>>> print(open('structure-v3.txt').read())   # compact mmCIF, C-alpha atoms
# COMPACT_ATOMS: atom_id res chain seq x y z
CA MET A 1 -55.54 -52.52 -7.45
CA ILE A 2 -55.23 -48.76 -6.88
CA LYS A 3 -55.89 -49.15 -3.17
CA GLY A 4 -53.20 -51.83 -2.93
CA TYR A 5 -50.73 -49.56 -4.71
CA CYS A 6 -51.57 -46.68 -2.34
CA PHE A 7 -51.02 -48.97 0.64
CA LEU A 8 -47.57 -49.96 -0.71
CA VAL A 9 -46.59 -46.31 -1.20
CA LEU A 10 -47.76 -45.44 2.31
CA LEU A 11 -45.90 -48.41 3.75
CA LEU A 12 -42.63 -47.47 2.07
CA THR A 13 -43.00 -43.83 3.09
CA THR A 14 -43.65 -44.81 6.69
CA ILE A 15 -40.64 -47.15 6.77
CA PHE A 16 -38.33 -44.23 6.06
CA SER A 17 -40.12 -41.89 8.48
CA TYR A 18 -41.10 -44.03 11.47
CA GLY A 19 -41.00 -47.56 12.76
CA GLN A 20 -37.32 -47.77 13.59
CA GLU A 21 -36.38 -49.77 16.65
CA ILE A 22 -32.89 -49.77 18.19
CA THR A 23 -31.46 -52.60 20.27
CA PHE A 24 -28.27 -51.78 22.13
CA HIS A 25 -25.83 -54.30 23.62
CA GLU A 26 -23.56 -52.81 26.26
CA ASN A 27 -20.04 -53.98 27.05
CA THR A 28 -19.92 -55.73 30.43
CA SER A 29 -16.20 -56.52 30.38
CA TYR A 30 -13.82 -55.87 33.26
CA ALA A 31 -12.36 -52.84 31.44
CA ALA A 32 -15.79 -51.20 31.11
CA ARG A 33 -16.60 -51.89 34.76
CA LYS A 34 -13.21 -50.53 35.85
CA LEU A 35 -13.92 -47.28 34.04
CA ASN A 36 -17.46 -47.11 35.50
CA LEU A 37 -18.66 -46.55 31.94
CA VAL A 38 -22.42 -45.97 31.71
CA GLN A 39 -23.78 -47.22 28.37
CA LYS A 40 -27.48 -46.75 27.62
CA LEU A 41 -30.08 -45.39 25.22
CA ASN A 42 -32.04 -42.29 26.18
CA LYS A 43 -35.74 -42.54 27.09
CA SER A 44 -36.93 -42.10 23.50
CA GLY A 45 -34.43 -44.72 22.31
CA ASP A 46 -32.93 -42.61 19.52
CA SER A 47 -29.65 -41.51 21.14
CA LEU A 48 -26.80 -43.29 22.89
CA ILE A 49 -25.52 -41.93 26.19
CA LEU A 50 -21.99 -42.77 27.31
CA GLU A 51 -20.66 -41.51 30.64
CA SER A 52 -17.31 -42.35 32.18
CA GLY A 53 -16.92 -42.28 35.93
CA ARG A 54 -13.15 -41.96 35.83
CA LYS A 55 -11.40 -40.84 32.64
CA PRO A 56 -12.68 -38.55 29.84
CA ILE A 57 -14.07 -40.12 26.67
CA GLN A 58 -11.76 -39.14 23.83
CA GLN A 59 -13.39 -40.67 20.77
CA VAL A 60 -16.50 -42.60 19.69
CA ASP A 61 -16.66 -44.55 16.39
CA ILE A 62 -19.84 -45.91 14.80
CA LEU A 63 -19.26 -48.27 11.89
CA ASN A 64 -20.34 -51.19 9.76
CA ASP A 65 -19.46 -52.36 6.23
CA ASP A 66 -21.08 -49.29 4.66
CA TYR A 67 -20.73 -46.55 7.25
CA LEU A 68 -18.17 -44.81 9.43
CA GLU A 69 -18.59 -41.88 11.82
CA THR A 70 -16.05 -40.60 14.33
CA ILE A 71 -16.79 -38.20 17.17
CA GLU A 72 -13.76 -36.66 18.86
CA VAL A 73 -14.40 -35.19 22.30
CA ASP A 74 -12.69 -34.79 25.63
CA THR A 75 -15.45 -35.08 28.18
CA ILE A 76 -16.84 -37.60 30.62
CA LYS A 77 -20.32 -37.64 29.04
CA VAL A 78 -21.31 -37.95 25.36
CA LYS A 79 -24.74 -38.11 23.73
CA VAL A 80 -24.71 -39.62 20.22
CA ASP A 81 -27.66 -39.06 17.87
CA LEU A 82 -28.74 -42.34 16.20
CA LYS A 83 -31.82 -41.14 14.30
CA LYS A 84 -30.16 -40.67 10.89
CA LEU A 85 -28.41 -44.04 10.86
CA ALA A 86 -29.72 -46.44 8.23
CA ILE A 87 -31.27 -49.79 9.13
CA GLY A 88 -28.55 -52.32 9.97
CA ASN A 89 -26.07 -53.64 12.52
CA TYR A 90 -23.33 -51.41 13.91
CA VAL A 91 -20.19 -51.63 16.01
CA ILE A 92 -19.69 -48.75 18.44
CA GLN A 93 -16.28 -48.28 20.00
CA ALA A 94 -15.35 -45.67 22.58
CA LYS A 95 -11.81 -44.71 23.52
CA VAL A 96 -11.52 -43.98 27.24
CA GLY A 97 -7.94 -43.38 28.32
CA ARG A 98 -5.94 -46.17 26.69
CA ASP A 99 -8.89 -48.56 26.55
CA TRP A 100 -11.25 -49.19 23.65
CA ILE A 101 -14.71 -50.28 24.80
CA VAL A 102 -16.60 -52.08 22.02
CA MET A 103 -20.41 -52.20 21.94
CA TYR A 104 -23.01 -53.38 19.42
CA MET A 105 -26.26 -51.94 18.11
CA GLU A 106 -29.02 -53.18 15.83
CA LYS A 107 -31.41 -50.82 14.07
CA LYS A 108 -34.44 -52.51 12.57
CA LEU A 109 -38.03 -51.82 11.54
CA ASP A 110 -40.88 -51.92 14.04
CA ILE A 111 -43.50 -53.57 11.80
CA ASN A 112 -46.36 -53.12 14.29
CA GLU A 113 -45.78 -49.38 14.50
CA ILE A 114 -45.56 -49.16 10.71
CA LEU A 115 -48.84 -51.03 10.15
CA ASN A 116 -50.72 -49.05 12.83
CA ASP A 117 -49.51 -45.76 11.41
CA THR A 118 -50.33 -46.84 7.84
CA GLU A 119 -53.89 -47.85 8.81
CA THR A 120 -54.43 -44.41 10.32
CA LYS A 121 -53.24 -42.71 7.14
CA ASP A 122 -55.25 -45.08 4.93
CA SER A 123 -58.47 -44.13 6.73
CA HIS A 124 -58.06 -40.58 5.42
CA ASP A 125 -57.22 -41.50 1.82
CA SER A 126 -60.36 -39.80 0.52
CA GLU A 127 -58.93 -36.38 1.34
CA LYS A 128 -57.78 -34.42 -1.69
CA VAL A 129 -54.40 -32.73 -1.84
CA ILE A 130 -54.19 -29.52 -3.82
CA ILE A 131 -50.76 -29.13 -5.39
CA THR A 132 -49.47 -25.57 -5.46
CA ASP A 133 -46.09 -23.93 -6.03
CA GLU A 134 -45.68 -23.73 -2.25
CA ASN A 135 -45.84 -27.47 -1.51
CA VAL A 136 -43.94 -28.74 -4.56
CA SER A 137 -40.37 -29.48 -3.52
CA LYS A 138 -37.75 -27.56 -5.46
CA PRO A 139 -34.22 -28.76 -6.17
CA ASP A 140 -31.71 -27.59 -3.59
CA GLN A 141 -29.29 -25.11 -5.12
CA ASN A 142 -26.45 -26.35 -2.92
CA SER A 143 -26.09 -29.49 -5.05
CA ASP A 144 -25.26 -27.40 -8.13
CA LYS A 145 -23.25 -24.77 -6.28
CA TYR A 146 -20.87 -27.27 -4.70
CA LEU A 147 -21.05 -30.00 -7.37
CA LEU A 148 -22.57 -32.58 -5.03
CA LYS A 149 -23.62 -35.76 -6.82
CA GLU A 150 -26.54 -38.06 -6.10
CA ASN A 151 -25.70 -41.61 -4.93
CA LYS A 152 -22.16 -40.55 -3.99
CA MET A 153 -20.74 -40.54 -0.46
CA TYR A 154 -18.70 -37.75 1.07
CA TRP A 155 -16.41 -37.49 4.08
CA VAL A 156 -17.63 -34.61 6.22
CA VAL A 157 -15.63 -32.96 8.99
CA TYR A 158 -17.52 -30.63 11.34
CA GLU A 159 -15.75 -28.76 14.16
CA ASN A 160 -17.64 -27.04 16.93
CA ASN A 161 -15.47 -24.35 18.53
CA SER A 162 -17.90 -22.24 20.55
CA GLN A 163 -17.12 -20.86 24.00
CA PHE A 164 -19.48 -23.42 25.54
CA SER A 165 -18.03 -26.58 24.03
CA SER A 166 -15.65 -27.93 21.42
CA GLY A 167 -15.42 -31.15 19.49
CA LYS A 168 -15.15 -32.72 16.07
CA THR A 169 -17.54 -35.03 14.23
CA MET A 170 -16.42 -36.85 11.08
CA GLY A 171 -18.41 -39.25 8.97
CA LEU A 172 -19.55 -40.58 5.61
CA LYS A 173 -22.64 -38.68 4.51
CA TYR A 174 -25.04 -38.59 1.56
CA ILE A 175 -26.01 -35.44 -0.30
CA ASP A 176 -29.20 -34.70 1.69
CA GLU A 177 -27.36 -34.58 5.02
CA ILE A 178 -24.59 -32.44 3.53
CA GLN A 179 -27.06 -29.86 2.26
CA ASP A 180 -28.47 -29.54 5.78
CA LEU A 181 -24.98 -29.17 7.26
CA ILE A 182 -23.99 -26.50 4.73
CA SER A 183 -27.12 -24.50 5.52
CA LYS A 184 -26.41 -24.92 9.24
CA ILE A 185 -22.75 -23.81 9.11
CA GLU A 186 -23.54 -20.80 6.94
CA LEU A 187 -26.02 -19.65 9.57
CA GLU A 188 -23.57 -20.35 12.40
CA LEU A 189 -20.82 -18.30 10.79
CA LYS A 190 -23.05 -15.24 11.03
CA THR A 191 -23.44 -15.59 14.81
CA LYS A 192 -21.13 -14.48 17.60
CA TYR A 193 -20.63 -17.94 19.10
CA GLY A 194 -20.69 -20.00 15.92
CA ARG A 195 -18.32 -18.00 13.74
CA TYR A 196 -15.35 -20.22 14.67
CA ASN A 197 -17.10 -23.45 13.68
CA LYS A 198 -15.78 -25.26 10.60
CA LEU A 199 -17.11 -27.62 7.94
CA LYS A 200 -15.22 -29.46 5.21
CA VAL A 201 -16.64 -31.88 2.62
CA TYR A 202 -14.48 -34.35 0.65
CA GLU A 203 -15.67 -36.52 -2.24
CA VAL A 204 -14.96 -40.23 -1.67
CA TYR A 205 -14.07 -42.40 -4.69
CA ASP A 206 -13.67 -45.80 -3.00
CA LYS A 207 -15.71 -46.04 0.19
CA SER A 208 -14.32 -49.36 1.47
CA LYS A 209 -10.67 -48.49 0.95
CA PHE A 210 -11.17 -45.02 2.41
CA MET A 211 -12.84 -46.46 5.53
CA GLN A 212 -9.99 -48.91 6.06
CA LYS A 213 -7.41 -46.14 5.87
CA GLN A 214 -9.39 -43.74 8.04
CA LEU A 215 -9.96 -46.33 10.77
CA LYS A 216 -6.23 -47.01 10.97
CA ASN A 217 -5.33 -43.33 10.95
CA ARG A 218 -7.92 -40.77 12.06
CA LYS A 219 -5.92 -38.04 10.25
CA TYR A 220 -5.97 -39.88 6.92
CA TYR A 221 -8.46 -37.39 5.47
CA LYS A 222 -5.68 -34.77 5.74
CA SER A 223 -3.51 -36.70 3.26
CA LYS A 224 -1.85 -34.72 0.48
CA LYS A 225 -2.39 -37.53 -2.06
CA SER A 226 -4.87 -40.40 -2.29
CA LYS A 227 -6.52 -42.62 -4.89
CA PHE A 228 -9.53 -43.14 -2.66
CA PHE A 229 -10.82 -39.58 -2.16
CA ASN A 230 -10.37 -36.03 -3.39
CA VAL A 231 -7.83 -34.50 -0.99
CA SER A 232 -9.08 -30.99 -1.86
CA PRO A 233 -12.44 -30.37 -0.13
CA ILE A 234 -15.25 -29.48 -2.50
CA TYR A 235 -16.68 -27.34 0.31
CA ASN A 236 -14.69 -25.49 2.96
CA SER A 237 -16.46 -23.07 5.30
CA LYS A 238 -13.11 -21.37 5.93
CA ASP A 239 -13.35 -19.85 2.44
CA LEU A 240 -16.75 -18.39 3.25
CA ALA A 241 -15.57 -17.08 6.62
CA THR A 242 -12.54 -15.41 4.97
CA TYR A 243 -14.74 -13.79 2.35
CA GLU A 244 -17.16 -12.44 4.96
CA SER A 245 -14.37 -11.06 7.15
CA LYS A 246 -12.98 -9.16 4.15
CA SER A 247 -16.42 -7.78 3.37
CA GLU A 248 -16.89 -6.32 6.89
>>> encode(input="structure-v3.txt", output="structure tokens")
Amino acid sequence: MIKGYCFLVLLLTTIFSYGQEITFHENTSYAARKLNLVQKLNKSGDSLILESGRKPIQQVDILNDDYLETIEVDTIKVKVDLKKLAIGNYVIQAKVGRDWIVMYMEKKLDINEILNDTETKDSHDSEKVIITDENVSKPDQNSDKYLLKENKMYWVVYENNSQFSSGKTMGLKYIDEIQDLISKIELELKTKYGRYNKLKVYEVYDKSKFMQKQLKNRKYYKSKKSKFFNVSPIYNSKDLATYESKSE
């Protein structure tokens, strides 16, 4: 009974860590061929590469019923990280010039990889783990500091404005991803090339309605009033940057 329970725990842990397989369906329409648009996964299969042979790619959207992410760029080649996407089916649309090229992607579990990995872990189940203060996870202070709530979704806007590149990524995120982004931006603001980067986090009240509005108008998150999200960001890196500049 205990061994069966341990196997179930290991299986669930592995599902969230490994065993994710992505199937990508490219657009073979006349419009995509006219633009010489390359659409493919990278060698490790965890990122999407889009490259236009004629006009710059302006925007890439990834969406389904529960998720929306928008990447605004102005370049002929874009690499989109797919690792953090949840299991499910997605529509990917890229704006190239006046054309929207629509693609599809499925992210599912690779059961064989999960079982093989679980068997390897199960063979070492006799090893003892000593629990100390160092390996016990502690609550992240960011969740209290910025009033982030578990099981809530947030609209996150990240702008990269370094001398090497510029672009904007916007998407619905959960608390764990936001904590990572806050830590990242607060480090970037202390560097020479990252001090102009920006991060804003908005609490979303009605995910479906917000997504509908945002898809129709990519500037909807800048609204002065809305019933579907808090128009005042609960985190704004600009405030931190202003404080640090005054302290110098």
>>> closest_residue(input="structure-v3.txt", among="A:Tyr158, A:Tyr235, A:Tyr202, A:Trp100", to="Ala31 (chain A)", atoms="all atoms listed in the file")
A:Trp100
>>> residues_around(input="structure-v3.txt", residues="Lys107 (chain A)", least_positions_apart="3", cutoff="6 Å", atoms="all atoms listed in the file", output="list in words")
Glu21, Ile22, Ile87 and Gly88 of chain A
>>> residues_near_point(input="structure-v3.txt", point="(-24.4, -37.1, -4.4)", cutoff="12 Å", atoms="only C-alpha atoms", output="list of chain:residue names")
A:Asn142, A:Ser143, A:Asp144, A:Tyr146, A:Leu147, A:Leu148, A:Lys149, A:Glu150, A:Asn151, A:Lys152, A:Met153, A:Tyr154, A:Trp155, A:Leu172, A:Lys173, A:Tyr174, A:Ile175, A:Asp176, A:Glu177, A:Ile178, A:Gln179, A:Val201, A:Tyr202, A:Glu203, A:Val204, A:Tyr205
>>> write_last_selection(input="structure-v3.txt", atoms="C-alpha atoms", output="PDB file, in the frame of the given file")
ATOM      1  CA  ASN A 142     -26.450 -26.350  -2.920  1.00  0.00           C
ATOM      2  CA  SER A 143     -26.090 -29.490  -5.050  1.00  0.00           C
ATOM      3  CA  ASP A 144     -25.260 -27.400  -8.130  1.00  0.00           C
ATOM      4  CA  TYR A 146     -20.870 -27.270  -4.700  1.00  0.00           C
ATOM      5  CA  LEU A 147     -21.050 -30.000  -7.370  1.00  0.00           C
ATOM      6  CA  LEU A 148     -22.570 -32.580  -5.030  1.00  0.00           C
ATOM      7  CA  LYS A 149     -23.620 -35.760  -6.820  1.00  0.00           C
ATOM      8  CA  GLU A 150     -26.540 -38.060  -6.100  1.00  0.00           C
ATOM      9  CA  ASN A 151     -25.700 -41.610  -4.930  1.00  0.00           C
ATOM     10  CA  LYS A 152     -22.160 -40.550  -3.990  1.00  0.00           C
ATOM     11  CA  MET A 153     -20.740 -40.540  -0.460  1.00  0.00           C
ATOM     12  CA  TYR A 154     -18.700 -37.750   1.070  1.00  0.00           C
ATOM     13  CA  TRP A 155     -16.410 -37.490   4.080  1.00  0.00           C
ATOM     14  CA  LEU A 172     -19.550 -40.580   5.610  1.00  0.00           C
ATOM     15  CA  LYS A 173     -22.640 -38.680   4.510  1.00  0.00           C
ATOM     16  CA  TYR A 174     -25.040 -38.590   1.560  1.00  0.00           C
ATOM     17  CA  ILE A 175     -26.010 -35.440  -0.300  1.00  0.00           C
ATOM     18  CA  ASP A 176     -29.200 -34.700   1.690  1.00  0.00           C
ATOM     19  CA  GLU A 177     -27.360 -34.580   5.020  1.00  0.00           C
ATOM     20  CA  ILE A 178     -24.590 -32.440   3.530  1.00  0.00           C
ATOM     21  CA  GLN A 179     -27.060 -29.860   2.260  1.00  0.00           C
ATOM     22  CA  VAL A 201     -16.640 -31.880   2.620  1.00  0.00           C
ATOM     23  CA  TYR A 202     -14.480 -34.350   0.650  1.00  0.00           C
ATOM     24  CA  GLU A 203     -15.670 -36.520  -2.240  1.00  0.00           C
ATOM     25  CA  VAL A 204     -14.960 -40.230  -1.670  1.00  0.00           C
ATOM     26  CA  TYR A 205     -14.070 -42.400  -4.690  1.00  0.00           C
TER      27      TYR A 205
END
>>> atom_distance(input="structure-v3.txt", atom1="CA of Tyr193 (chain A)", atom2="CA of Asp74 (chain A)")
19.7 Å
>>> closest_residue(input="structure-v3.txt", among="A:Asn160, A:Glu26, A:Phe210, A:Asp180", to="Ile49 (chain A)", atoms="all atoms listed in the file")
A:Glu26
>>> atom_distance(input="structure-v3.txt", atom1="CA of Glu186 (chain A)", atom2="CA of Val73 (chain A)")
22.9 Å
>>> residues_around(input="structure-v3.txt", residues="Asn27 (chain A)", least_positions_apart="4", cutoff="7 Å", atoms="only C-alpha atoms", output="list in words")
Ala32, Ile101, Val102 and Met103 of chain A
>>> atom_distance(input="structure-v3.txt", atom1="CA of Arg54 (chain A)", atom2="CA of Leu37 (chain A)")
8.2 Å
>>> build_atoms(input="structure-v3.txt", residues="region 34-53 of chain A", atoms="N, CA and C atoms", output="PDB file, in the frame of the given file")
ATOM      1  N   LYS A  34     -14.294 -51.268  35.194  1.00  0.00           N
ATOM      2  CA  LYS A  34     -13.210 -50.530  35.850  1.00  0.00           C
ATOM      3  C   LYS A  34     -13.327 -49.031  35.594  1.00  0.00           C
ATOM      4  N   LEU A  35     -13.769 -48.686  34.404  1.00  0.00           N
ATOM      5  CA  LEU A  35     -13.920 -47.280  34.040  1.00  0.00           C
ATOM      6  C   LEU A  35     -15.244 -46.690  34.501  1.00  0.00           C
ATOM      7  N   ASN A  36     -16.102 -47.534  35.093  1.00  0.00           N
ATOM      8  CA  ASN A  36     -17.460 -47.110  35.500  1.00  0.00           C
ATOM      9  C   ASN A  36     -18.186 -46.461  34.320  1.00  0.00           C
ATOM     10  N   LEU A  37     -18.099 -47.121  33.161  1.00  0.00           N
ATOM     11  CA  LEU A  37     -18.660 -46.550  31.940  1.00  0.00           C
ATOM     12  C   LEU A  37     -20.153 -46.870  31.833  1.00  0.00           C
ATOM     13  N   VAL A  38     -20.980 -45.829  31.910  1.00  0.00           N
ATOM     14  CA  VAL A  38     -22.420 -45.970  31.710  1.00  0.00           C
ATOM     15  C   VAL A  38     -22.684 -46.035  30.207  1.00  0.00           C
ATOM     16  N   GLN A  39     -23.463 -47.033  29.779  1.00  0.00           N
ATOM     17  CA  GLN A  39     -23.780 -47.220  28.370  1.00  0.00           C
ATOM     18  C   GLN A  39     -25.280 -47.494  28.267  1.00  0.00           C
ATOM     19  N   LYS A  40     -26.020 -46.567  27.690  1.00  0.00           N
ATOM     20  CA  LYS A  40     -27.480 -46.750  27.620  1.00  0.00           C
ATOM     21  C   LYS A  40     -28.087 -45.851  26.546  1.00  0.00           C
ATOM     22  N   LEU A  41     -29.294 -46.234  26.109  1.00  0.00           N
ATOM     23  CA  LEU A  41     -30.080 -45.390  25.220  1.00  0.00           C
ATOM     24  C   LEU A  41     -30.865 -44.388  26.062  1.00  0.00           C
ATOM     25  N   ASN A  42     -31.199 -43.247  25.468  1.00  0.00           N
ATOM     26  CA  ASN A  42     -32.040 -42.290  26.180  1.00  0.00           C
ATOM     27  C   ASN A  42     -33.478 -42.805  26.235  1.00  0.00           C
ATOM     28  N   LYS A  43     -34.365 -42.068  26.883  1.00  0.00           N
ATOM     29  CA  LYS A  43     -35.740 -42.540  27.090  1.00  0.00           C
ATOM     30  C   LYS A  43     -36.488 -42.769  25.786  1.00  0.00           C
ATOM     31  N   SER A  44     -36.242 -41.929  24.780  1.00  0.00           N
ATOM     32  CA  SER A  44     -36.930 -42.100  23.500  1.00  0.00           C
ATOM     33  C   SER A  44     -36.262 -43.136  22.611  1.00  0.00           C
ATOM     34  N   GLY A  45     -35.093 -43.644  23.025  1.00  0.00           N
ATOM     35  CA  GLY A  45     -34.430 -44.720  22.310  1.00  0.00           C
ATOM     36  C   GLY A  45     -33.793 -44.326  20.996  1.00  0.00           C
ATOM     37  N   ASP A  46     -33.526 -43.027  20.786  1.00  0.00           N
ATOM     38  CA  ASP A  46     -32.930 -42.610  19.520  1.00  0.00           C
ATOM     39  C   ASP A  46     -31.550 -41.970  19.685  1.00  0.00           C
ATOM     40  N   SER A  47     -31.000 -42.029  20.893  1.00  0.00           N
ATOM     41  CA  SER A  47     -29.650 -41.510  21.140  1.00  0.00           C
ATOM     42  C   SER A  47     -28.943 -42.426  22.125  1.00  0.00           C
ATOM     43  N   LEU A  48     -27.616 -42.487  21.994  1.00  0.00           N
ATOM     44  CA  LEU A  48     -26.800 -43.290  22.890  1.00  0.00           C
ATOM     45  C   LEU A  48     -26.093 -42.363  23.882  1.00  0.00           C
ATOM     46  N   ILE A  49     -26.179 -42.706  25.152  1.00  0.00           N
ATOM     47  CA  ILE A  49     -25.520 -41.930  26.190  1.00  0.00           C
ATOM     48  C   ILE A  49     -24.363 -42.745  26.761  1.00  0.00           C
ATOM     49  N   LEU A  50     -23.174 -42.167  26.720  1.00  0.00           N
ATOM     50  CA  LEU A  50     -21.990 -42.770  27.310  1.00  0.00           C
ATOM     51  C   LEU A  50     -21.456 -41.818  28.367  1.00  0.00           C
ATOM     52  N   GLU A  51     -21.174 -42.350  29.557  1.00  0.00           N
ATOM     53  CA  GLU A  51     -20.660 -41.510  30.640  1.00  0.00           C
ATOM     54  C   GLU A  51     -19.608 -42.286  31.428  1.00  0.00           C
ATOM     55  N   SER A  52     -18.417 -41.712  31.484  1.00  0.00           N
ATOM     56  CA  SER A  52     -17.310 -42.350  32.180  1.00  0.00           C
ATOM     57  C   SER A  52     -17.200 -41.808  33.603  1.00  0.00           C
ATOM     58  N   GLY A  53     -17.041 -42.702  34.544  1.00  0.00           N
ATOM     59  CA  GLY A  53     -16.920 -42.280  35.930  1.00  0.00           C
ATOM     60  C   GLY A  53     -15.508 -41.946  36.343  1.00  0.00           C
TER      61      GLY A  53
END
